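Enquirer: What follows is the file start.csv, containing CSV, C-alpha atoms:
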```csv
chain,number,residue,atom,x,y,z
A,91,MET,CA,10.8,2.0,25.7
A,92,ASN,CA,9.6,5.6,25.4
A,93,THR,CA,11.4,6.5,22.2
A,94,LEU,CA,12.3,4.7,19.0
A,95,PRO,CA,15.9,3.5,18.6
A,96,PRO,CA,18.3,6.0,16.9
A,97,TRP,CA,18.9,3.6,14.0
A,98,PHE,CA,15.1,3.2,13.3
A,99,HIS,CA,13.7,5.8,11.0
A,100,PRO,CA,9.9,5.8,10.2
A,101,PHE,CA,8.8,8.3,7.5
A,102,GLN,CA,5.2,9.4,7.5
A,103,ARG,CA,4.5,10.4,4.0
A,104,PRO,CA,1.7,12.2,2.2
A,105,PHE,CA,-0.3,10.5,-0.4
A,106,PRO,CA,0.1,9.2,-3.0
A,107,SER,CA,3.1,7.6,-1.2
A,108,ALA,CA,2.7,5.1,1.6
A,109,ASN,CA,4.9,5.4,4.7
A,110,MET,CA,8.3,3.8,4.7
A,111,VAL,CA,10.8,2.6,7.4
A,112,ALA,CA,14.6,2.7,7.2
A,113,ILE,CA,16.6,0.6,9.6
A,114,ASP,CA,20.3,1.4,9.8
A,115,GLY,CA,23.1,-1.0,10.6
A,116,ALA,CA,25.8,-3.0,8.9
A,117,ARG,CA,23.2,-4.2,6.4
A,118,PRO,CA,20.7,-1.3,6.2
A,119,LEU,CA,17.1,-2.2,5.3
A,120,LEU,CA,14.4,-0.1,3.7
A,121,ILE,CA,10.8,-1.2,4.0
A,122,ASP,CA,8.6,0.1,1.2
A,123,THR,CA,9.5,2.8,-1.3
A,124,GLY,CA,6.5,5.1,-1.9
A,125,TYR,CA,4.8,6.1,-5.1
A,126,GLY,CA,6.9,6.3,-8.3
A,127,SER,CA,6.5,10.1,-8.8
A,128,ASP,CA,8.0,10.6,-5.3
A,129,ALA,CA,11.3,8.8,-6.1
A,130,ALA,CA,13.4,11.9,-5.6
A,131,ALA,CA,11.7,12.7,-2.3
A,132,THR,CA,12.3,9.0,-1.2
A,133,GLU,CA,16.0,9.4,-1.9
A,134,GLY,CA,16.1,12.7,-0.1
A,135,LEU,CA,14.5,11.2,3.0
A,136,LEU,CA,17.1,8.4,3.1
A,137,ARG,CA,20.0,10.9,2.7
A,138,SER,CA,18.5,13.1,5.5
A,139,VAL,CA,19.1,10.3,8.1
A,140,GLY,CA,22.5,9.2,6.8
A,141,MET,CA,21.2,6.3,4.8
A,142,PRO,CA,21.8,7.1,1.2
A,143,PRO,CA,20.5,4.5,-1.3
A,144,GLU,CA,23.9,3.3,-2.2
A,145,ARG,CA,24.4,2.1,1.4
A,146,LEU,CA,21.2,0.0,1.5
A,147,ALA,CA,21.6,-3.8,1.6
A,148,LEU,CA,18.0,-4.7,0.9
A,149,VAL,CA,14.6,-3.2,0.1
A,150,ALA,CA,11.6,-5.2,1.4
A,151,ASN,CA,8.0,-4.6,0.4
A,152,THR,CA,5.0,-5.2,2.6
A,153,HIS,CA,2.9,-5.8,-0.6
A,154,TYR,CA,2.8,-4.9,-4.2
A,155,HIS,CA,0.5,-1.9,-4.5
A,156,CYS,CA,1.8,1.1,-6.3
A,157,ASP,CA,2.0,3.4,-3.2
A,158,HIS,CA,4.3,0.8,-1.5
A,159,VAL,CA,6.5,-0.4,-4.4
A,160,GLY,CA,6.5,2.7,-6.7
A,161,GLY,CA,10.1,3.7,-5.9
A,162,ASN,CA,11.5,0.2,-6.5
A,163,ALA,CA,12.2,0.8,-10.1
A,164,GLU,CA,14.3,4.0,-9.6
A,165,LEU,CA,16.2,2.5,-6.6
A,166,GLN,CA,16.9,-0.7,-8.4
A,167,GLU,CA,17.9,0.9,-11.7
A,168,ARG,CA,20.1,3.6,-10.2
A,169,TYR,CA,21.7,1.7,-7.4
A,170,GLY,CA,21.3,-2.0,-8.2
A,171,LEU,CA,19.4,-2.7,-5.0
A,172,PRO,CA,18.0,-6.1,-4.3
A,173,ILE,CA,14.3,-6.2,-3.5
A,174,ALA,CA,12.5,-8.7,-1.3
A,175,ALA,CA,8.9,-9.5,-1.3
A,176,HIS,CA,6.4,-12.3,-0.4
A,177,ALA,CA,7.2,-15.4,-2.4
A,178,GLY,CA,3.9,-15.3,-4.2
A,179,ASP,CA,4.3,-11.7,-5.1
A,180,ALA,CA,7.9,-12.4,-6.2
A,181,ALA,CA,6.7,-15.0,-8.7
A,182,LEU,CA,4.1,-12.7,-10.2
A,183,VAL,CA,6.5,-9.8,-10.4
A,184,ASN,CA,9.3,-11.8,-12.0
A,185,ARG,CA,7.1,-13.4,-14.7
A,186,ARG,CA,5.6,-10.0,-15.5
A,187,ASP,CA,2.1,-11.2,-14.7
A,188,HIS,CA,-0.8,-9.0,-15.8
A,189,GLU,CA,-2.2,-9.0,-12.3
A,190,VAL,CA,0.8,-7.6,-10.4
A,191,GLY,CA,-0.3,-4.9,-8.0
A,192,ALA,CA,-3.8,-5.1,-9.6
A,193,ALA,CA,-2.2,-2.2,-11.5
A,194,VAL,CA,-4.5,-2.5,-14.6
A,195,TRP,CA,-7.7,-3.2,-12.7
A,196,LEU,CA,-7.0,-0.2,-10.4
A,197,ASP,CA,-5.5,2.0,-13.1
A,198,GLN,CA,-2.5,2.7,-11.0
A,199,PRO,CA,1.0,2.8,-12.8
A,200,ILE,CA,3.8,0.7,-11.5
A,201,GLU,CA,7.2,0.9,-13.2
A,202,PRO,CA,9.3,-2.4,-13.7
A,203,TYR,CA,11.3,-4.0,-11.0
A,204,THR,CA,12.6,-7.5,-10.2
A,205,VAL,CA,12.4,-9.4,-6.9
A,206,ALA,CA,15.7,-10.9,-5.8
A,207,ARG,CA,14.6,-12.5,-2.5
A,208,ALA,CA,11.4,-14.4,-1.9
A,209,LEU,CA,10.2,-14.0,1.6
A,210,HIS,CA,8.2,-16.5,3.6
A,211,ASP,CA,6.4,-16.4,7.0
A,212,GLY,CA,9.0,-16.8,9.8
A,213,ASP,CA,12.0,-15.6,7.7
A,214,VAL,CA,14.4,-13.3,9.5
A,215,ILE,CA,16.2,-10.3,8.0
A,216,THR,CA,19.4,-9.2,9.9
A,217,THR,CA,20.5,-5.6,9.8
A,218,GLY,CA,23.4,-5.7,12.2
A,219,THR,CA,21.5,-3.6,14.8
A,220,THR,CA,18.5,-5.8,15.1
A,221,THR,CA,16.6,-8.8,13.6
A,222,VAL,CA,13.4,-8.3,11.7
A,223,ARG,CA,10.9,-11.2,11.6
A,224,VAL,CA,8.7,-11.6,8.5
A,225,ILE,CA,5.0,-12.3,9.3
A,226,ALA,CA,2.5,-13.3,6.6
A,227,THR,CA,-0.6,-11.2,7.1
A,228,PRO,CA,-2.9,-11.9,4.1
A,229,GLY,CA,-6.1,-10.0,3.7
A,230,HIS,CA,-5.6,-6.6,2.1
A,231,THR,CA,-3.5,-8.6,-0.4
A,232,LEU,CA,-2.8,-12.4,-0.5
A,233,GLY,CA,0.9,-11.7,-0.3
A,234,HIS,CA,0.8,-9.0,2.4
A,235,LEU,CA,3.7,-9.0,5.0
A,236,ALA,CA,4.2,-7.3,8.3
A,237,PHE,CA,7.7,-7.0,9.8
A,238,TYR,CA,8.3,-7.4,13.5
A,239,LEU,CA,11.3,-6.4,15.6
A,240,PRO,CA,11.0,-8.7,18.6
A,241,ASP,CA,13.8,-7.2,20.7
A,242,GLU,CA,12.4,-3.7,20.4
A,243,GLN,CA,8.7,-4.8,20.2
A,244,ILE,CA,8.1,-2.7,17.0
A,245,LEU,CA,5.6,-3.7,14.4
A,246,ILE,CA,5.8,-2.5,10.8
A,247,CYS,CA,2.2,-3.1,9.7
A,248,GLY,CA,2.0,-2.1,6.0
A,249,ASP,CA,-1.8,-2.0,5.4
A,250,ALA,CA,-2.6,-4.9,7.7
A,251,VAL,CA,-3.8,-2.5,10.5
A,252,HIS,CA,-3.9,1.3,10.8
A,253,GLY,CA,-4.1,3.6,13.8
A,254,ASP,CA,-7.3,5.3,12.6
A,255,ASP,CA,-8.7,3.4,9.7
A,256,VAL,CA,-8.9,-0.1,8.1
A,257,ALA,CA,-7.5,-1.4,4.8
A,258,TRP,CA,-9.9,-1.6,1.9
A,259,LEU,CA,-10.5,-5.2,0.6
A,260,ASN,CA,-10.4,-6.6,-2.9
A,261,PRO,CA,-12.2,-9.9,-3.2
A,262,PHE,CA,-12.0,-9.7,-7.0
A,263,ARG,CA,-8.2,-9.9,-7.1
A,264,GLU,CA,-7.3,-11.2,-3.7
A,265,GLY,CA,-10.0,-13.8,-3.2
A,266,VAL,CA,-13.5,-14.0,-1.7
A,267,GLY,CA,-12.2,-14.9,1.7
A,268,ALA,CA,-10.4,-11.6,2.1
A,269,ILE,CA,-12.3,-10.6,5.3
A,270,ASP,CA,-11.7,-14.0,6.9
A,271,ARG,CA,-8.0,-13.8,6.1
A,272,VAL,CA,-7.6,-10.2,7.4
A,273,LEU,CA,-9.3,-11.2,10.6
A,274,ALA,CA,-7.0,-14.2,11.1
A,275,SER,CA,-4.0,-11.9,10.4
A,276,LEU,CA,-5.2,-9.4,13.0
A,277,ASP,CA,-5.5,-12.3,15.5
A,278,ARG,CA,-1.8,-13.1,14.8
A,279,LEU,CA,-0.7,-9.5,15.3
A,280,ALA,CA,-2.8,-9.1,18.5
A,281,ALA,CA,-0.7,-11.9,20.0
A,282,LEU,CA,2.5,-10.0,19.7
A,283,PRO,CA,3.9,-7.7,22.4
A,284,VAL,CA,4.1,-4.4,20.6
A,285,ARG,CA,5.2,-1.0,22.0
A,286,TRP,CA,5.2,0.9,18.7
A,287,ALA,CA,3.4,0.3,15.4
A,288,ILE,CA,4.1,2.0,12.1
A,289,SER,CA,1.4,1.4,9.5
A,290,GLY,CA,1.4,2.2,5.8
A,291,HIS,CA,-0.5,5.4,6.3
A,292,GLY,CA,-0.8,7.8,9.2
A,293,ALA,CA,1.3,8.5,12.3
A,294,PRO,CA,3.1,5.8,14.4
A,295,PHE,CA,0.8,4.6,17.2
A,296,THR,CA,1.1,2.7,20.5
A,297,ASP,CA,-2.4,1.6,21.2
A,298,VAL,CA,-2.0,-1.4,19.0
A,299,ALA,CA,-4.6,-3.6,20.8
A,300,GLY,CA,-7.2,-0.8,20.5
A,301,ALA,CA,-6.5,-0.4,16.8
A,302,ILE,CA,-6.8,-4.1,16.2
A,303,ALA,CA,-10.0,-4.4,18.1
A,304,ARG,CA,-11.5,-1.5,16.2
A,305,ALA,CA,-10.5,-3.1,12.9
A,306,GLN,CA,-11.9,-6.4,13.9
A,307,ALA,CA,-15.2,-4.9,14.8
A,308,ARG,CA,-15.4,-3.1,11.5
A,309,TYR,CA,-14.6,-6.1,9.5
A,310,HIS,CA,-17.2,-8.2,11.3
A,311,ALA,CA,-19.7,-5.5,10.5
A,312,TRP,CA,-18.7,-5.9,6.8
A,313,LEU,CA,-19.4,-9.7,7.1
A,314,ALA,CA,-22.9,-8.8,8.2
A,315,GLN,CA,-23.4,-6.0,5.6
A,316,PRO,CA,-21.1,-6.7,2.6
A,317,ALA,CA,-22.1,-3.5,0.9
A,318,LYS,CA,-20.1,-1.7,3.5
A,319,LEU,CA,-16.9,-3.4,2.2
A,320,ALA,CA,-17.7,-2.1,-1.3
A,321,TRP,CA,-18.5,1.4,-0.3
A,322,HIS,CA,-15.2,1.6,1.6
A,323,ALA,CA,-13.2,0.2,-1.3
A,324,CYS,CA,-14.9,2.4,-3.9
A,325,LYS,CA,-14.3,5.6,-1.9
A,326,ARG,CA,-10.7,4.7,-1.2
A,327,ILE,CA,-9.8,3.7,-4.7
A,328,PHE,CA,-11.5,6.6,-6.5
A,329,THR,CA,-10.1,9.2,-4.0
A,330,TYR,CA,-6.7,7.8,-4.7
A,331,ALA,CA,-7.3,8.2,-8.4
A,332,LEU,CA,-8.3,11.8,-7.8
A,333,MET,CA,-4.9,12.2,-6.1
A,334,ILE,CA,-2.7,10.7,-8.8
A,335,HIS,CA,-4.6,12.5,-11.6
A,336,GLY,CA,-4.5,15.8,-9.7
A,337,GLY,CA,-8.3,16.0,-9.6
A,338,MET,CA,-10.8,15.2,-12.3
A,339,HIS,CA,-13.1,17.5,-14.3
A,340,THR,CA,-16.8,16.8,-14.0
A,341,GLN,CA,-17.1,15.7,-17.6
A,342,ALA,CA,-14.3,13.2,-17.3
A,343,ILE,CA,-15.5,11.4,-14.2
A,344,ALA,CA,-18.2,9.1,-15.7
A,345,PRO,CA,-16.0,8.0,-18.7
A,346,TYR,CA,-13.1,7.4,-16.4
A,347,LEU,CA,-15.1,5.3,-13.9
A,348,LEU,CA,-16.8,3.3,-16.7
A,349,ARG,CA,-13.5,2.1,-18.1
A,350,CYS,CA,-12.1,1.0,-14.7
A,351,GLY,CA,-12.3,-2.7,-13.8
A,352,TRP,CA,-12.6,-2.1,-10.0
A,353,TYR,CA,-15.7,0.2,-10.5
A,354,GLN,CA,-17.5,-2.3,-12.8
A,355,ASP,CA,-16.9,-5.2,-10.4
A,356,TYR,CA,-18.0,-3.5,-7.2
A,357,CYS,CA,-21.1,-2.0,-8.9
A,358,ARG,CA,-22.4,-5.2,-10.3
A,359,THR,CA,-21.4,-7.6,-7.5
A,360,TYR,CA,-22.2,-5.6,-4.4
A,361,PHE,CA,-24.6,-2.9,-5.4
A,362,HIS,CA,-26.4,-4.8,-8.2
A,363,SER,CA,-26.4,-1.6,-10.1
A,364,ASP,CA,-25.8,-0.6,-13.7
A,365,PRO,CA,-22.4,1.2,-13.6
A,366,SER,CA,-23.7,4.2,-15.5
A,367,ALA,CA,-26.5,4.7,-12.9
A,368,PHE,CA,-24.1,4.3,-9.9
A,369,VAL,CA,-21.9,7.4,-10.7
A,370,PRO,CA,-24.2,10.0,-9.0
A,371,PRO,CA,-24.6,7.9,-5.8
A,372,LEU,CA,-20.8,7.4,-5.6
A,373,LEU,CA,-20.1,11.1,-6.0
A,374,ALA,CA,-22.8,11.9,-3.4
A,375,GLU,CA,-21.2,9.5,-0.9
A,376,LEU,CA,-17.7,11.0,-1.5
A,377,LEU,CA,-19.0,14.4,-0.8
A,378,ARG,CA,-21.0,13.3,2.2
A,379,ALA,CA,-18.0,11.6,3.7
A,380,ARG,CA,-15.9,14.6,3.0
A,381,ALA,CA,-13.4,12.5,1.0
A,382,ALA,CA,-13.7,14.8,-2.0
A,383,ARG,CA,-14.9,18.3,-2.8
A,384,TRP,CA,-15.6,20.4,-5.8
A,385,GLU,CA,-13.2,23.2,-6.8
A,386,ALA,CA,-15.1,24.9,-9.6
A,387,ASP,CA,-15.7,22.0,-12.2
A,388,THR,CA,-13.0,19.7,-10.8
A,389,LEU,CA,-13.4,17.0,-8.1
A,390,VAL,CA,-10.4,16.9,-5.8
A,391,ALA,CA,-9.4,14.7,-2.9
A,392,VAL,CA,-9.7,16.3,0.6
A,393,THR,CA,-6.9,14.4,2.2
A,394,PRO,CA,-3.5,16.2,1.8
A,395,TYR,CA,-1.4,14.9,-1.0
A,396,THR,CA,1.4,15.8,-3.4
A,397,VAL,CA,0.2,16.1,-7.0
A,398,PRO,CA,2.4,13.9,-9.2
A,399,ALA,CA,4.4,15.9,-11.8
A,400,PRO,CA,3.0,15.5,-15.3
A,401,GLY,CA,5.0,13.0,-17.3
A,402,TRP,CA,6.9,11.5,-14.3
A,403,CYS,CA,6.4,7.9,-15.5
A,404,GLN,CA,8.9,7.3,-18.3
A,405,ARG,CA,9.1,3.5,-18.0
A,406,PRO,CA,6.5,0.9,-18.9
A,407,SER,CA,3.7,1.2,-16.3
A,408,THR,CA,1.7,-2.0,-16.7
A,409,PRO,CA,3.4,-5.3,-15.6
A,410,ALA,CA,2.6,-7.2,-18.9
A,411,ALA,CA,4.6,-4.5,-20.7
A,412,TRP,CA,7.6,-4.6,-18.5
A,413,PRO,CA,10.9,-5.9,-19.9
A,414,PRO,CA,11.9,-9.4,-18.8
A,415,ALA,CA,13.1,-9.7,-15.2
A,416,HIS,CA,16.9,-9.5,-14.9
A,417,SER,CA,18.9,-12.0,-12.9
```
For this file, produce the structure as structure tokens.
Expert:
Amino acid sequence: MNTLPPWFHPFQRPFPSANMVAIDGARPLLIDTGYGSDAAATEGLLRSVGMPPERLALVANTHYHCDHVGGNAELQERYGLPIAAHAGDAALVNRRDHEVGAAVWLDQPIEPYTVARALHDGDVITTGTTTVRVIATPGHTLGHLAFYLPDEQILICGDAVHGDDVAWLNPFREGVGAIDRVLASLDRLAALPVRWAISGHGAPFTDVAGAIARAQARYHAWLAQPAKLAWHACKRIFTYALMIHGGMHTQAIAPYLLRCGWYQDYCRTYFHSDPSAFVPPLLAELLRARAARWEADTLVAVTPYTVPAPGWCQRPSTPAAWPPAHS
């Protein structure tokens, strides 16, 4: 298979949104919905391939981070779409648990949605054009899922594996065995025949075995040197914050970091550093790695992204403040 099927539509999206995949058929399926501020763009992409939201039968999420589920609220509110997610995530979402998406700990807004279908490892979703197998791939999150089309040998990875990077890991919210779990998940994915892979970020890729091998090597290095896990996570999380805030003035950086749970936890646990003292080393590493740059007195992310429109979030943005889940 040299090309993707005509009913399979991967969308490579700029940050702060993750990629999404639309699969057409008698029961059209959308996997992931991007960041909340990009909801109008999400709808536009669907309409551009003849899959307007009102046609969708199901929205499925790879995991509950804001860049993957942010469009859920708008699609569900406007079109009544059912959403599917890992059974563990579904329970957390529907009881409005404070820890959903690590939204508070990460300082990342997620607007309210309800999960209608709990997914388990081995479940099958039928679209009418193909069957999609659900594969539990814990590591990046405990409830992370990948979706596999066995007939076409296509893998929708979420953040389980990327073509040119690895997922950051969160032992504070997803468990201390996160590296072991992600390595086991990569072993599962490596056993699949895959012609095309679409991850949560970056372009579709075909050298899946190579991407998995590179990820495994990097995670094993983190087992030997745990501080590498923390450096990677801190750079990824703070760079994302720079994106969703449209940059950050130099005087705002330290106060912002010091009130973030993720920053406090990585500083004390992995760097054994006072959080106030760790601000300059973190900024120096962001600049060294060319993840951020100064524009006058404002630190901005280097990776291309779309600045969220001010005031885009009009619904409750922390899970504990969401209204009760509807039936």
Enquirer: Which is closest to Arg207 of chain A among A:Ala226, A:Ala268, A:Leu148, A:Ala317, if we use all atoms listed in the file?
Expert: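 Smallest distance to Arg207 of chain A is found for A:Leu148.
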Enquirer: Choose the residue, out of A:Glu144, A:Leu259, A:Val251, A:Glu164, that has the smallest atom-to-atom separation from Asp128 of chain A; count all atoms listed in the file.
Expert: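 Once distances to Asp128 of chain A are computed over all atoms listed in the file, the minimum belongs to A:Glu164.
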Enquirer: Within 9 Å of segment 358-375 of chain A, counting all atoms listed in the file, which residues qualify if same-chain residues fewer than 4 places away don't, as a list in words?
Expert: Pro316, Ala317, Leu319, Ala320, Trp321, Cys324, Lys325, Ile343, Ala344, Leu347, Leu348, Tyr353, Gln354, Ala379, Arg380, Ala381 and Ala382 of chain A
Enquirer: What does the structure give for the distance between atom CA of Asn151 of chain A and atom CA of Ile173 of chain A, in Å to one decimal?
Expert: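 Taking atom CA of Asn151 of chain A and atom CA of Ile173 of chain A, their separation equals 7.6 Å.
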Enquirer: Find the spatial neighbours of Tyr154 of chain A, counting only C-alpha atoms, within a cut-off of 12 Å - ignore same-chain residues fewer than 5 positions away - and output them as a PyMOL selection string.
Expert: chain A and resi 108+122-125+159-162+173-183+189-193+198-205+230-235+248-249+264+409
Enquirer: Which residue is closest to Leu171 of chain A? Choose from A:Pro406, A:Gly253, A:Pro143, A:Pro95 and count only C-alpha atoms.
Expert: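 Distance minimum relative to Leu171 of chain A lands on A:Pro143.
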Enquirer: Please report the interatomic distance between atom CA of Pro96 of chain A and atom CA of Gly115 of chain A in Å with one decimal.
Expert: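 Calculated distance between atom CA of Pro96 of chain A and atom CA of Gly115 of chain A is 10.6 Å.
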Enquirer: Please reconstruct the missing atoms of segment 127-139 of chain A (target: N, CA and C atoms) and return them as a short mmCIF file (atom, residue, chain, number, x, y, z; two decimals), in the frame of the given file.
Expert:
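Final file, part_27.cif:
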```cif
data_model
loop_
_atom_site.label_atom_id
_atom_site.label_comp_id
_atom_site.auth_asym_id
_atom_site.auth_seq_id
_atom_site.Cartn_x
_atom_site.Cartn_y
_atom_site.Cartn_z
N SER A 127 6.21 8.68 -8.52
CA SER A 127 6.50 10.10 -8.80
C SER A 127 7.24 10.74 -7.63
N ASP A 128 7.30 10.08 -6.48
CA ASP A 128 8.00 10.60 -5.30
C ASP A 128 9.39 10.05 -5.14
N ALA A 129 9.96 9.47 -6.20
CA ALA A 129 11.30 8.80 -6.10
C ALA A 129 12.35 9.75 -5.58
N ALA A 130 12.36 10.97 -6.08
CA ALA A 130 13.40 11.90 -5.60
C ALA A 130 13.23 12.25 -4.16
N ALA A 131 11.98 12.39 -3.71
CA ALA A 131 11.70 12.70 -2.30
C ALA A 131 12.13 11.46 -1.45
N THR A 132 11.90 10.25 -1.95
CA THR A 132 12.30 9.00 -1.20
C THR A 132 13.81 9.04 -1.01
N GLU A 133 14.56 9.34 -2.05
CA GLU A 133 16.00 9.40 -1.90
C GLU A 133 16.44 10.48 -0.95
N GLY A 134 15.79 11.63 -1.01
CA GLY A 134 16.10 12.70 -0.10
C GLY A 134 15.88 12.37 1.34
N LEU A 135 14.78 11.67 1.63
CA LEU A 135 14.50 11.20 3.00
C LEU A 135 15.58 10.30 3.51
N LEU A 136 16.01 9.38 2.67
CA LEU A 136 17.10 8.40 3.10
C LEU A 136 18.37 9.18 3.38
N ARG A 137 18.72 10.11 2.52
CA ARG A 137 20.00 10.90 2.70
C ARG A 137 19.88 11.72 4.00
N SER A 138 18.67 12.18 4.33
CA SER A 138 18.50 13.10 5.50
C SER A 138 18.83 12.36 6.80
N VAL A 139 18.75 11.02 6.83
CA VAL A 139 19.10 10.30 8.10
C VAL A 139 20.36 9.50 7.92
#
```
